[in-house]
file my_file-v7.txt (compact mmCIF, C-alpha atoms)
# COMPACT_ATOMS: atom_id res chain seq x y z
CA MET A 24 31.46 21.69 42.03
CA GLU A 25 30.75 24.84 44.04
CA LYS A 26 29.80 26.62 40.83
CA HIS A 27 27.34 23.85 39.97
CA ASN A 28 25.72 24.09 43.40
CA THR A 29 24.70 27.68 42.72
CA LYS A 30 22.62 26.69 39.71
CA TRP A 31 18.91 27.43 39.98
CA PHE A 32 17.92 23.85 39.20
CA ASN A 33 20.06 22.23 41.90
CA VAL A 34 17.10 21.53 44.20
CA GLU A 35 15.62 18.44 45.84
CA CYS A 36 12.01 19.33 45.05
CA VAL A 37 10.28 21.59 42.53
CA PRO A 38 9.69 25.11 43.91
CA GLU A 39 6.13 26.37 43.79
CA CYS A 40 7.03 29.02 41.19
CA PHE A 41 7.81 26.21 38.70
CA THR A 42 4.68 24.18 39.44
CA PHE A 43 2.03 24.43 36.73
CA SER A 44 -1.69 24.01 37.26
CA LYS A 45 -3.19 20.54 37.00
CA GLU A 46 -4.68 21.51 33.65
CA GLU A 47 -1.29 22.44 32.17
CA ARG A 48 1.24 20.18 33.89
CA PRO A 49 2.19 16.84 32.26
CA GLY A 50 1.08 14.80 35.28
CA ASP A 51 2.02 11.23 36.14
CA ALA A 52 0.01 9.35 33.51
CA PRO A 53 2.29 7.48 31.09
CA ILE A 54 2.60 9.09 27.67
CA PRO A 55 3.32 6.80 24.70
CA ILE A 56 5.75 7.35 21.84
CA CYS A 57 3.92 8.21 18.64
CA ASN A 58 5.25 5.54 16.29
CA LYS A 59 2.98 6.79 13.53
CA ILE A 60 4.97 9.96 12.97
CA PRO A 61 7.17 8.93 10.04
CA VAL A 62 10.95 8.96 9.80
CA ILE A 63 11.49 9.97 6.17
CA ASP A 64 14.65 9.02 4.28
CA LEU A 65 15.63 12.01 2.14
CA GLY A 66 18.40 9.98 0.52
CA LYS A 67 16.03 7.80 -1.48
CA SER A 68 16.12 8.17 -5.24
CA GLN A 69 12.33 7.86 -5.52
CA LYS A 70 11.42 11.52 -4.98
CA ILE A 71 7.75 10.92 -5.80
CA GLU A 72 7.50 8.56 -2.83
CA THR A 73 9.35 11.04 -0.59
CA ILE A 74 6.97 13.84 -1.60
CA LYS A 75 4.00 11.60 -0.86
CA GLN A 76 5.38 10.81 2.62
CA LEU A 77 6.03 14.49 3.39
CA LEU A 78 2.52 15.56 2.39
CA GLN A 79 0.87 12.71 4.25
CA ALA A 80 2.83 13.50 7.42
CA GLY A 81 1.97 17.18 7.11
CA GLN A 82 -1.70 16.39 6.67
CA GLU A 83 -2.03 13.83 9.46
CA PHE A 84 0.43 14.95 12.14
CA GLY A 85 2.07 18.24 11.20
CA PHE A 86 5.35 16.56 12.21
CA PHE A 87 7.90 14.20 10.70
CA GLN A 88 11.56 13.30 11.12
CA VAL A 89 14.20 13.19 8.39
CA ILE A 90 17.31 11.03 8.04
CA ASN A 91 19.99 10.85 5.33
CA HIS A 92 19.53 14.59 5.13
CA GLY A 93 23.05 15.45 4.01
CA ILE A 94 24.19 17.23 7.19
CA PRO A 95 27.32 15.56 8.59
CA GLU A 96 26.90 14.13 12.06
CA SER A 97 30.07 15.95 13.08
CA VAL A 98 28.31 19.28 12.44
CA THR A 99 25.34 18.46 14.66
CA THR A 100 27.53 16.96 17.38
CA GLN A 101 29.85 19.95 17.49
CA THR A 102 26.94 22.40 17.50
CA MET A 103 25.21 20.56 20.33
CA SER A 104 28.47 20.53 22.33
CA THR A 105 28.87 24.27 21.75
CA PHE A 106 25.42 25.03 23.14
CA GLU A 107 25.94 22.74 26.10
CA GLU A 108 29.17 24.58 26.87
CA PHE A 109 27.39 27.92 26.46
CA PHE A 110 24.66 27.03 28.95
CA ASN A 111 26.94 25.26 31.44
CA ASN A 112 29.55 28.01 31.66
CA MET A 113 27.43 31.15 31.58
CA THR A 114 27.89 33.02 34.86
CA ASP A 115 25.20 34.87 36.79
CA GLU A 116 26.93 38.17 35.99
CA GLU A 117 26.86 37.43 32.29
CA LYS A 118 23.15 36.56 32.48
CA VAL A 119 22.40 39.91 34.10
CA ASN A 120 24.36 41.81 31.43
CA VAL A 121 22.81 40.08 28.43
CA PRO A 122 19.87 42.50 28.06
CA THR A 123 22.33 45.31 27.31
CA ARG A 124 23.78 43.41 24.38
CA LYS A 125 22.45 43.75 20.87
CA GLY A 126 22.05 40.72 18.65
CA TRP A 127 20.98 37.94 21.04
CA ILE A 128 18.60 37.37 23.90
CA PHE A 129 19.10 35.15 26.92
CA THR A 130 16.15 34.24 29.12
CA GLY A 131 16.87 32.28 32.26
CA SER A 132 14.39 30.38 34.37
CA GLU A 133 13.86 33.35 36.70
CA GLU A 134 12.72 35.53 33.79
CA GLU A 135 10.85 33.06 31.62
CA VAL A 136 7.34 33.32 33.09
CA LYS A 137 4.21 31.91 31.45
CA ASN A 138 0.82 32.24 33.11
CA GLY A 139 2.52 33.23 36.35
CA VAL A 140 4.75 30.15 36.47
CA HIS A 141 8.39 29.84 35.44
CA LEU A 142 9.50 27.46 32.71
CA TRP A 143 12.14 24.87 33.57
CA ARG A 144 14.69 26.01 31.02
CA ASP A 145 17.35 28.46 29.96
CA ASN A 146 17.11 29.82 26.42
CA ILE A 147 19.08 31.79 23.87
CA LYS A 148 17.54 33.36 20.77
CA HIS A 149 19.12 35.30 17.97
CA PRO A 150 18.43 36.27 14.35
CA CYS A 151 20.26 34.39 11.61
CA HIS A 152 19.48 36.40 8.47
CA PRO A 153 21.43 37.86 6.84
CA LEU A 154 23.86 35.36 8.28
CA GLU A 155 27.18 37.19 7.89
CA LYS A 156 25.79 40.34 9.48
CA CYS A 157 24.02 38.58 12.33
CA MET A 158 27.02 36.44 13.22
CA GLN A 159 28.99 39.53 14.23
CA SER A 160 26.63 40.10 17.18
CA TRP A 161 26.39 36.51 18.40
CA PRO A 162 27.99 35.44 21.72
CA ASP A 163 31.76 35.57 22.02
CA LYS A 164 31.89 32.55 24.32
CA PRO A 165 32.57 29.78 23.69
CA PRO A 166 35.21 31.16 21.28
CA THR A 167 34.05 28.82 18.50
CA TYR A 168 30.36 29.79 18.85
CA LYS A 169 30.11 31.99 15.75
CA GLU A 170 32.01 29.62 13.49
CA VAL A 171 30.28 26.44 14.65
CA VAL A 172 26.74 27.80 14.82
CA GLY A 173 27.19 29.71 11.56
CA ARG A 174 28.13 26.49 9.78
CA TYR A 175 25.13 24.76 11.33
CA VAL A 176 22.73 27.48 10.17
CA THR A 177 24.16 27.23 6.65
CA GLU A 178 23.55 23.48 6.59
CA ILE A 179 20.01 23.88 7.94
CA ARG A 180 19.28 26.44 5.22
CA LYS A 181 20.21 23.87 2.57
CA LEU A 182 18.05 21.24 4.26
CA SER A 183 15.11 23.63 4.58
CA LEU A 184 15.20 24.40 0.87
CA THR A 185 15.25 20.68 0.04
CA ILE A 186 12.24 20.00 2.26
CA LEU A 187 10.27 23.05 1.11
CA GLU A 188 11.00 22.35 -2.55
CA LEU A 189 9.70 18.80 -2.21
CA ILE A 190 6.59 19.98 -0.36
CA GLY A 191 6.11 22.70 -2.94
CA GLN A 192 6.27 20.18 -5.76
CA GLY A 193 3.67 18.10 -3.98
CA LEU A 194 1.38 21.10 -3.64
CA GLY A 195 1.93 22.15 -7.24
CA ILE A 196 3.69 25.42 -6.36
CA GLU A 197 6.18 26.73 -8.91
CA ARG A 198 9.79 25.62 -8.52
CA GLY A 199 12.03 28.01 -6.63
CA TYR A 200 9.17 29.76 -4.82
CA PHE A 201 10.63 29.13 -1.38
CA ASP A 202 14.15 30.13 -2.48
CA GLU A 203 12.95 33.72 -2.72
CA GLU A 204 10.18 33.71 -0.12
CA SER A 205 11.87 32.02 2.86
CA GLU A 206 14.83 32.50 5.16
CA VAL A 207 16.29 30.90 8.27
CA GLN A 208 15.32 33.87 10.39
CA LEU A 209 15.65 32.80 13.99
CA LEU A 210 17.55 30.30 16.16
CA SER A 211 16.23 29.25 19.56
CA ALA A 212 18.32 26.88 21.68
CA ASN A 213 17.05 25.51 24.98
CA ASN A 214 18.66 23.86 27.96
CA TYR A 215 16.31 21.81 30.12
CA PRO A 216 18.13 20.68 33.29
CA ALA A 217 17.19 17.42 35.00
CA CYS A 218 14.11 18.05 37.16
CA PRO A 219 13.28 16.34 40.48
CA ASP A 220 9.60 16.02 39.49
CA PRO A 221 8.89 16.35 35.75
CA SER A 222 5.17 15.77 36.33
CA LEU A 223 4.87 19.33 37.70
CA THR A 224 6.96 21.34 35.26
CA LEU A 225 7.16 22.33 31.61
CA GLY A 226 10.05 23.39 29.41
CA ILE A 227 7.72 25.12 26.94
CA LEU A 228 3.96 25.52 27.07
CA LYS A 229 1.85 24.11 24.25
CA HIS A 230 2.04 26.32 21.18
CA LEU A 231 2.04 26.60 17.40
CA ASP A 232 5.04 27.85 15.46
CA PRO A 233 4.78 31.08 13.39
CA SER A 234 7.04 29.60 10.70
CA LEU A 235 6.87 27.84 7.36
CA ILE A 236 8.69 24.92 8.94
CA THR A 237 10.74 24.56 12.10
CA ILE A 238 13.74 22.22 12.09
CA ILE A 239 14.68 20.83 15.49
CA TYR A 240 17.68 18.82 16.61
CA GLN A 241 17.04 17.17 19.96
CA GLY A 242 20.06 14.88 20.16
CA ASN A 243 19.55 11.58 21.95
CA VAL A 244 17.20 12.77 24.71
CA SER A 245 13.45 12.94 24.11
CA GLY A 246 11.49 15.89 25.44
CA LEU A 247 9.23 16.98 22.61
CA GLN A 248 5.55 16.06 22.74
CA VAL A 249 2.88 16.57 20.08
CA LEU A 250 -0.90 16.58 20.34
CA VAL A 251 -2.31 13.68 18.32
CA ASP A 252 -6.08 13.15 18.27
CA GLY A 253 -6.40 15.16 21.45
CA LYS A 254 -3.73 13.21 23.35
CA TRP A 255 -0.12 14.07 24.09
CA MET A 256 2.46 11.72 22.59
CA TRP A 257 6.25 11.61 22.59
CA ILE A 258 8.35 12.21 19.51
CA ASP A 259 11.16 9.69 19.79
CA ALA A 260 14.79 10.84 19.70
CA VAL A 261 16.12 9.16 16.55
CA PRO A 262 19.94 9.26 16.23
CA ASN A 263 21.18 11.93 13.79
CA ALA A 264 17.63 12.81 12.73
CA PHE A 265 15.94 16.18 12.56
CA VAL A 266 12.38 16.77 13.69
CA VAL A 267 10.45 18.98 11.28
CA ASN A 268 7.10 20.55 12.05
CA ILE A 269 4.72 22.48 9.85
CA GLY A 270 4.32 26.10 10.93
CA ASN A 271 1.12 28.08 10.64
CA GLN A 272 2.44 30.03 7.64
CA LEU A 273 2.80 26.87 5.55
CA GLU A 274 -0.66 25.85 6.72
CA ILE A 275 -1.95 29.10 5.21
CA ILE A 276 -0.05 28.65 1.94
CA SER A 277 -1.36 25.10 1.62
CA ASN A 278 -4.88 26.39 2.38
CA GLY A 279 -5.17 24.02 5.29
CA MET A 280 -3.94 20.93 3.47
CA LEU A 281 -0.92 20.83 5.80
CA ARG A 282 -1.49 21.28 9.54
CA SER A 283 0.30 23.27 12.19
CA VAL A 284 -0.12 21.22 15.37
CA MET A 285 0.18 21.98 19.07
CA HIS A 286 3.37 20.79 20.73
CA ARG A 287 5.26 21.32 23.98
CA ALA A 288 8.54 20.49 25.72
CA VAL A 289 8.71 18.54 28.98
CA THR A 290 11.50 17.73 31.40
CA ASN A 291 12.94 14.51 32.81
CA SER A 292 14.53 13.51 36.11
CA LYS A 293 17.59 11.70 34.80
CA GLU A 294 19.57 14.04 32.57
CA ALA A 295 19.71 17.50 31.08
CA ARG A 296 18.44 17.98 27.54
CA THR A 297 19.51 20.52 24.95
CA SER A 298 17.53 21.24 21.80
CA ILE A 299 18.21 23.52 18.84
CA ALA A 300 15.32 24.92 16.82
CA LEU A 301 15.66 26.96 13.64
CA PHE A 302 12.62 28.81 12.38
CA VAL A 303 12.38 28.91 8.59
CA ASN A 304 10.05 31.83 8.03
CA PRO A 305 8.62 33.84 5.17
CA THR A 306 10.64 36.95 4.38
CA PRO A 307 9.34 39.88 6.48
CA ASN A 308 7.69 41.74 3.59
CA SER A 309 6.27 38.71 1.81
CA ILE A 310 2.52 38.33 1.45
CA VAL A 311 1.40 35.06 3.01
CA GLU A 312 -1.76 33.69 1.42
CA PRO A 313 -3.17 30.43 0.07
CA ALA A 314 -1.31 29.40 -3.09
CA LYS A 315 -3.47 30.31 -6.06
CA VAL A 316 -2.74 27.01 -7.76
CA LEU A 317 -4.68 25.25 -4.99
CA LEU A 318 -7.79 27.42 -5.20
CA ASN A 319 -10.95 26.79 -7.18
CA ASP A 320 -14.72 26.87 -6.72
CA SER A 321 -14.70 23.74 -4.59
CA ASN A 322 -11.59 24.81 -2.63
CA PRO A 323 -11.96 28.52 -1.82
CA PRO A 324 -9.35 30.35 0.29
CA LEU A 325 -9.68 29.59 4.00
CA TYR A 326 -7.27 32.31 5.13
CA LYS A 327 -6.88 36.01 4.45
CA SER A 328 -3.71 37.45 2.93
CA ILE A 329 -1.31 39.12 5.34
CA ILE A 330 2.20 40.58 5.26
CA TYR A 331 4.35 38.32 7.40
CA LYS A 332 5.94 41.03 9.55
CA ASP A 333 2.48 42.44 10.29
CA PHE A 334 1.35 39.00 11.44
CA ILE A 335 4.37 38.65 13.73
CA ASN A 336 3.99 42.10 15.25
CA ALA A 337 0.23 41.83 15.76
CA SER A 338 0.37 38.37 17.32
CA LYS A 339 3.62 38.90 19.26
CA ALA A 340 4.58 35.51 17.87
CA PHE A 341 7.98 35.45 19.58
CA GLY A 342 6.67 36.52 22.96
CA ALA A 343 7.92 39.48 24.97
CA HIS A 344 11.00 39.84 22.78
CA THR A 345 9.16 39.98 19.45
CA ASP A 346 9.95 43.64 18.82
CA VAL A 347 13.67 43.18 19.53
CA ILE A 348 13.89 40.10 17.32
CA GLN A 349 12.06 41.82 14.48
CA ASN A 350 14.26 44.92 14.71
CA ASP A 351 17.45 42.85 14.75
CA ALA A 352 16.34 40.55 11.93
call {"tool": "encode", "arguments": {"input": "my_file-v7.txt", "output": "structure tokens"}}
result
Amino acid sequence: MEKHNTKWFNVECVPECFTFSKEERPGDAPIPICNKIPVIDLGKSQKIETIKQLLQAGQEFGFFQVINHGIPESVTTQTMSTFEEFFNNMTDEEKVNVPTRKGWIFTGSEEEVKNGVHLWRDNIKHPCHPLEKCMQSWPDKPPTYKEVVGRYVTEIRKLSLTILELIGQGLGIERGYFDEESEVQLLSANNYPACPDPSLTLGILKHLDPSLITIIYQGNVSGLQVLVDGKWMWIDAVPNAFVVNIGNQLEIISNGMLRSVMHRAVTNSKEARTSIALFVNPTPNSIVEPAKVLLNDSNPPLYKSIIYKDFINASKAFGAHTDVIQNDA
């Protein structure tokens, strides 16, 4: 109990350094669940219907959820428990020493500053490709971290290829394109402790993802919000489902047919929330451009071609740690 009392979030009111401006904070107004964002059953035999649902969701919302995805619930449950143990048991001394380690990055609430205000979260990031090499540098505690998270990344890779292949078929892109041109490059896991006043704080500011797709597991606690028609809406926490959002690289490849949409993470006052996001990105040296099969006189390219690693480095897409992540990847 004494150890818990030293945690940064064990406060009765939100410190000023965590209080966002009125323009950025969630505020007190009720935010509805977006029931229009589809929950897509990947287990259906009618692939044509599944492809249609994926494309429609990508066009209208940039987000969808998937069920019957083939990943055992035991894998997601064990991975979530591993990250919860990681965040709960990490000591202050270990947090201070993390920057000297190679292979993963920890940012605590005292470091994670956006627009002069701290985010209400702790976060770990690390590269995942090539998996066997990257795993050697991952955290040693909990002792099962490398095994459990490595298995999870492997399962997400399979799921990402299924989703991208279906989307590719819908766009008319040649089969197997994403097998060669994508990788599960980066994992980002967040711990959002219970907050005494969620109306003032944010877990993550609104942003777009620099990925092809991002696959998120948020467990049974909602905290993800998406901008729909100019209004923030909740994405419901569906049991054993994955949230998938279109990244700006797939928007480019689809020549704007699929949309990368603003989203953010908020806090709640009742319980801590852990989320696990895996960024499925183009390979670093791949040229990202509108798929030629989609282009014609009436549908000219809307985006310029760019090498993915150049885009990441120029835009600092992964924040202050972009250079480290790119060098480790």
call {"tool": "residues_around", "arguments": {"input": "my_file-v7.txt", "residues": "Pro262 (chain A)", "least_positions_apart": "4", "cutoff": "12 Å", "atoms": "all atoms listed in the file", "output": "list in words"}}
result
Val62, Gln88, Val89, Ile90, Asn91, Glu96, Thr99, Thr100, Tyr240, Gln241, Gly242, Asn243, Val244, Ser245 and Val266 of chain A
call {"tool": "closest_residue", "arguments": {"input": "my_file-v7.txt", "among": "A:Gly126, A:Pro307, A:Pro219, A:Gly342", "to": "Val34 (chain A)", "atoms": "all atoms listed in the file"}}
result
A:Pro219
call {"tool": "residues_around", "arguments": {"input": "my_file-v7.txt", "residues": "Leu318 (chain A)", "least_positions_apart": "4", "cutoff": "12 Å", "atoms": "all atoms listed in the file", "output": "PyMOL selection string"}}
result
chain A and resi 194-196+276-280+312-314+322-326
call {"tool": "atom_distance", "arguments": {"input": "my_file-v7.txt", "atom1": "CA of Arg282 (chain A)", "atom2": "CA of Arg296 (chain A)"}}
result
27.1 Å
call {"tool": "closest_residue", "arguments": {"input": "my_file-v7.txt", "among": "A:Asp232, A:Glu35, A:Gly50, A:Pro216", "to": "Asn111 (chain A)", "atoms": "all atoms listed in the file"}}
result
A:Pro216
call {"tool": "closest_residue", "arguments": {"input": "my_file-v7.txt", "among": "A:Pro38, A:Ile299, A:Leu187, A:Phe201", "to": "Leu247 (chain A)", "atoms": "all atoms listed in the file"}}
result
A:Ile299
call {"tool": "closest_atom_pairs", "arguments": {"input": "my_file-v7.txt", "of": "region 147-257 of chain A", "to": "region 133-142 of chain A", "cutoff": "12 Å", "atoms": "all atoms listed in the file", "output": "CSV"}}
result
residue,atom,partner,partner_atom,distance
A:Ile147,CA,A:Glu135,CA,11.4
A:Asn213,CA,A:Leu142,CA,11.0
A:Asn214,CA,A:Leu142,CA,10.9
A:Tyr215,CA,A:Leu142,CA,9.2
A:Pro216,CA,A:Leu142,CA,11.0
A:Cys218,CA,A:Leu142,CA,11.4
A:Pro221,CA,A:Leu142,CA,11.5
A:Leu223,CA,A:Leu142,CA,10.6
A:Thr224,CA,A:Leu142,CA,7.1
A:Leu225,CA,A:Leu142,CA,5.7
A:Gly226,CA,A:Leu142,CA,5.3
A:Ile227,CA,A:Leu142,CA,6.5
A:Leu228,CA,A:Lys137,CA,7.8
A:Lys229,CA,A:Lys137,CA,10.9
A:His230,CA,A:Lys137,CA,11.9
call {"tool": "atom_distance", "arguments": {"input": "my_file-v7.txt", "atom1": "CA of Phe87 (chain A)", "atom2": "CA of Ile60 (chain A)"}}
result
5.6 Å
call {"tool": "residues_around", "arguments": {"input": "my_file-v7.txt", "residues": "Glu170 (chain A)", "least_positions_apart": "4", "cutoff": "12 Å", "atoms": "all atoms listed in the file", "output": "tab-separated table (two decimals) with C-alpha atoms, keeping the file's coordinate frame"}}
result
chain	number	residue	atom	x	y	z
A	98	VAL	CA	28.31	19.28	12.44
A	101	GLN	CA	29.85	19.95	17.49
A	102	THR	CA	26.94	22.40	17.50
A	105	THR	CA	28.87	24.27	21.75
A	154	LEU	CA	23.86	35.36	8.28
A	155	GLU	CA	27.18	37.19	7.89
A	158	MET	CA	27.02	36.44	13.22
A	159	GLN	CA	28.99	39.53	14.23
A	161	TRP	CA	26.39	36.51	18.40
A	162	PRO	CA	27.99	35.44	21.72
A	163	ASP	CA	31.76	35.57	22.02
A	164	LYS	CA	31.89	32.55	24.32
A	165	PRO	CA	32.57	29.78	23.69
A	166	PRO	CA	35.21	31.16	21.28
A	174	ARG	CA	28.13	26.49	9.78
A	175	TYR	CA	25.13	24.76	11.33
A	176	VAL	CA	22.73	27.48	10.17
A	177	THR	CA	24.16	27.23	6.65
call {"tool": "closest_residue", "arguments": {"input": "my_file-v7.txt", "among": "A:Asn263, A:Ser234, A:Ser298, A:Thr114", "to": "His92 (chain A)", "atoms": "only C-alpha atoms"}}
result
A:Asn263
call {"tool": "decode", "arguments": {"input": "my_file-v7.txt", "residues": "region 165-175 of chain A", "atoms": "all heavy atoms", "output": "mmCIF file, in the first residue's frame"}}
result
data_model
loop_
_atom_site.group_PDB
_atom_site.id
_atom_site.type_symbol
_atom_site.label_atom_id
_atom_site.label_comp_id
_atom_site.auth_asym_id
_atom_site.auth_seq_id
_atom_site.Cartn_x
_atom_site.Cartn_y
_atom_site.Cartn_z
ATOM 1 N N PRO A 165 7.978 -8.034 -16.524
ATOM 2 C CA PRO A 165 7.891 -9.358 -15.908
ATOM 3 C C PRO A 165 8.698 -10.406 -16.700
ATOM 4 O O PRO A 165 8.952 -10.209 -17.888
ATOM 5 C CB PRO A 165 6.396 -9.688 -15.962
ATOM 6 C CG PRO A 165 5.704 -8.382 -16.194
ATOM 7 C CD PRO A 165 6.649 -7.542 -16.958
ATOM 8 N N PRO A 166 9.079 -11.508 -16.052
ATOM 9 C CA PRO A 166 9.918 -12.512 -16.710
ATOM 10 C C PRO A 166 9.313 -13.092 -17.988
ATOM 11 O O PRO A 166 10.049 -13.541 -18.869
ATOM 12 C CB PRO A 166 10.074 -13.599 -15.628
ATOM 13 C CG PRO A 166 9.832 -12.894 -14.343
ATOM 14 C CD PRO A 166 8.813 -11.840 -14.630
ATOM 15 N N THR A 167 7.998 -13.079 -18.088
ATOM 16 C CA THR A 167 7.321 -13.654 -19.255
ATOM 17 C C THR A 167 7.088 -12.628 -20.364
ATOM 18 O O THR A 167 6.474 -12.959 -21.383
ATOM 19 C CB THR A 167 5.960 -14.242 -18.845
ATOM 20 O OG1 THR A 167 5.158 -13.201 -18.240
ATOM 21 C CG2 THR A 167 6.140 -15.390 -17.861
ATOM 22 N N TYR A 168 7.563 -11.386 -20.163
ATOM 23 C CA TYR A 168 7.243 -10.299 -21.102
ATOM 24 C C TYR A 168 7.587 -10.674 -22.545
ATOM 25 O O TYR A 168 6.750 -10.563 -23.447
ATOM 26 C CB TYR A 168 7.989 -9.029 -20.697
ATOM 27 C CG TYR A 168 7.616 -7.805 -21.516
ATOM 28 C CD1 TYR A 168 6.762 -6.838 -21.006
ATOM 29 C CD2 TYR A 168 8.117 -7.600 -22.802
ATOM 30 C CE1 TYR A 168 6.408 -5.712 -21.735
ATOM 31 C CE2 TYR A 168 7.774 -6.483 -23.550
ATOM 32 C CZ TYR A 168 6.920 -5.546 -23.017
ATOM 33 O OH TYR A 168 6.563 -4.441 -23.757
ATOM 34 N N LYS A 169 8.810 -11.097 -22.782
ATOM 35 C CA LYS A 169 9.255 -11.351 -24.160
ATOM 36 C C LYS A 169 8.442 -12.464 -24.806
ATOM 37 O O LYS A 169 8.021 -12.342 -25.970
ATOM 38 C CB LYS A 169 10.743 -11.704 -24.160
ATOM 39 C CG LYS A 169 11.635 -10.552 -23.704
ATOM 40 C CD LYS A 169 13.094 -10.968 -23.631
ATOM 41 C CE LYS A 169 13.947 -9.812 -23.118
ATOM 42 N NZ LYS A 169 15.374 -10.179 -22.985
ATOM 43 N N GLU A 170 8.216 -13.521 -24.074
ATOM 44 C CA GLU A 170 7.474 -14.656 -24.632
ATOM 45 C C GLU A 170 6.022 -14.268 -24.923
ATOM 46 O O GLU A 170 5.508 -14.526 -26.027
ATOM 47 C CB GLU A 170 7.506 -15.826 -23.646
ATOM 48 C CG GLU A 170 6.675 -17.021 -24.091
ATOM 49 C CD GLU A 170 6.568 -18.091 -23.019
ATOM 50 O OE1 GLU A 170 7.231 -17.958 -21.966
ATOM 51 O OE2 GLU A 170 5.804 -19.060 -23.238
ATOM 52 N N VAL A 171 5.382 -13.655 -23.948
ATOM 53 C CA VAL A 171 3.955 -13.335 -24.083
ATOM 54 C C VAL A 171 3.730 -12.273 -25.163
ATOM 55 O O VAL A 171 2.871 -12.428 -26.041
ATOM 56 C CB VAL A 171 3.380 -12.858 -22.732
ATOM 57 C CG1 VAL A 171 1.973 -12.297 -22.902
ATOM 58 C CG2 VAL A 171 3.375 -14.005 -21.728
ATOM 59 N N VAL A 172 4.493 -11.200 -25.104
ATOM 60 C CA VAL A 172 4.299 -10.111 -26.061
ATOM 61 C C VAL A 172 4.744 -10.544 -27.453
ATOM 62 O O VAL A 172 4.134 -10.164 -28.457
ATOM 63 C CB VAL A 172 5.037 -8.840 -25.597
ATOM 64 C CG1 VAL A 172 4.883 -7.714 -26.628
ATOM 65 C CG2 VAL A 172 4.496 -8.383 -24.250
ATOM 66 N N GLY A 173 5.793 -11.360 -27.533
ATOM 67 C CA GLY A 173 6.227 -11.876 -28.829
ATOM 68 C C GLY A 173 5.148 -12.705 -29.502
ATOM 69 O O GLY A 173 4.915 -12.584 -30.722
ATOM 70 N N ARG A 174 4.474 -13.539 -28.729
ATOM 71 C CA ARG A 174 3.369 -14.335 -29.282
ATOM 72 C C ARG A 174 2.231 -13.433 -29.739
ATOM 73 O O ARG A 174 1.622 -13.656 -30.795
ATOM 74 C CB ARG A 174 2.879 -15.340 -28.239
ATOM 75 C CG ARG A 174 1.760 -16.253 -28.765
ATOM 76 C CD ARG A 174 1.493 -17.412 -27.816
ATOM 77 N NE ARG A 174 1.014 -16.959 -26.531
ATOM 78 C CZ ARG A 174 1.679 -17.123 -25.379
ATOM 79 N NH1 ARG A 174 2.854 -17.713 -25.374
ATOM 80 N NH2 ARG A 174 1.169 -16.695 -24.242
ATOM 81 N N TYR A 175 1.962 -12.402 -28.971
ATOM 82 C CA TYR A 175 0.894 -11.453 -29.318
ATOM 83 C C TYR A 175 1.216 -10.742 -30.634
ATOM 84 O O TYR A 175 0.349 -10.619 -31.513
ATOM 85 C CB TYR A 175 0.742 -10.440 -28.188
ATOM 86 C CG TYR A 175 -0.345 -9.415 -28.401
ATOM 87 C CD1 TYR A 175 -1.680 -9.718 -28.171
ATOM 88 C CD2 TYR A 175 -0.040 -8.119 -28.823
ATOM 89 C CE1 TYR A 175 -2.681 -8.775 -28.355
ATOM 90 C CE2 TYR A 175 -1.032 -7.169 -29.007
ATOM 91 C CZ TYR A 175 -2.349 -7.504 -28.770
ATOM 92 O OH TYR A 175 -3.328 -6.563 -28.962
#
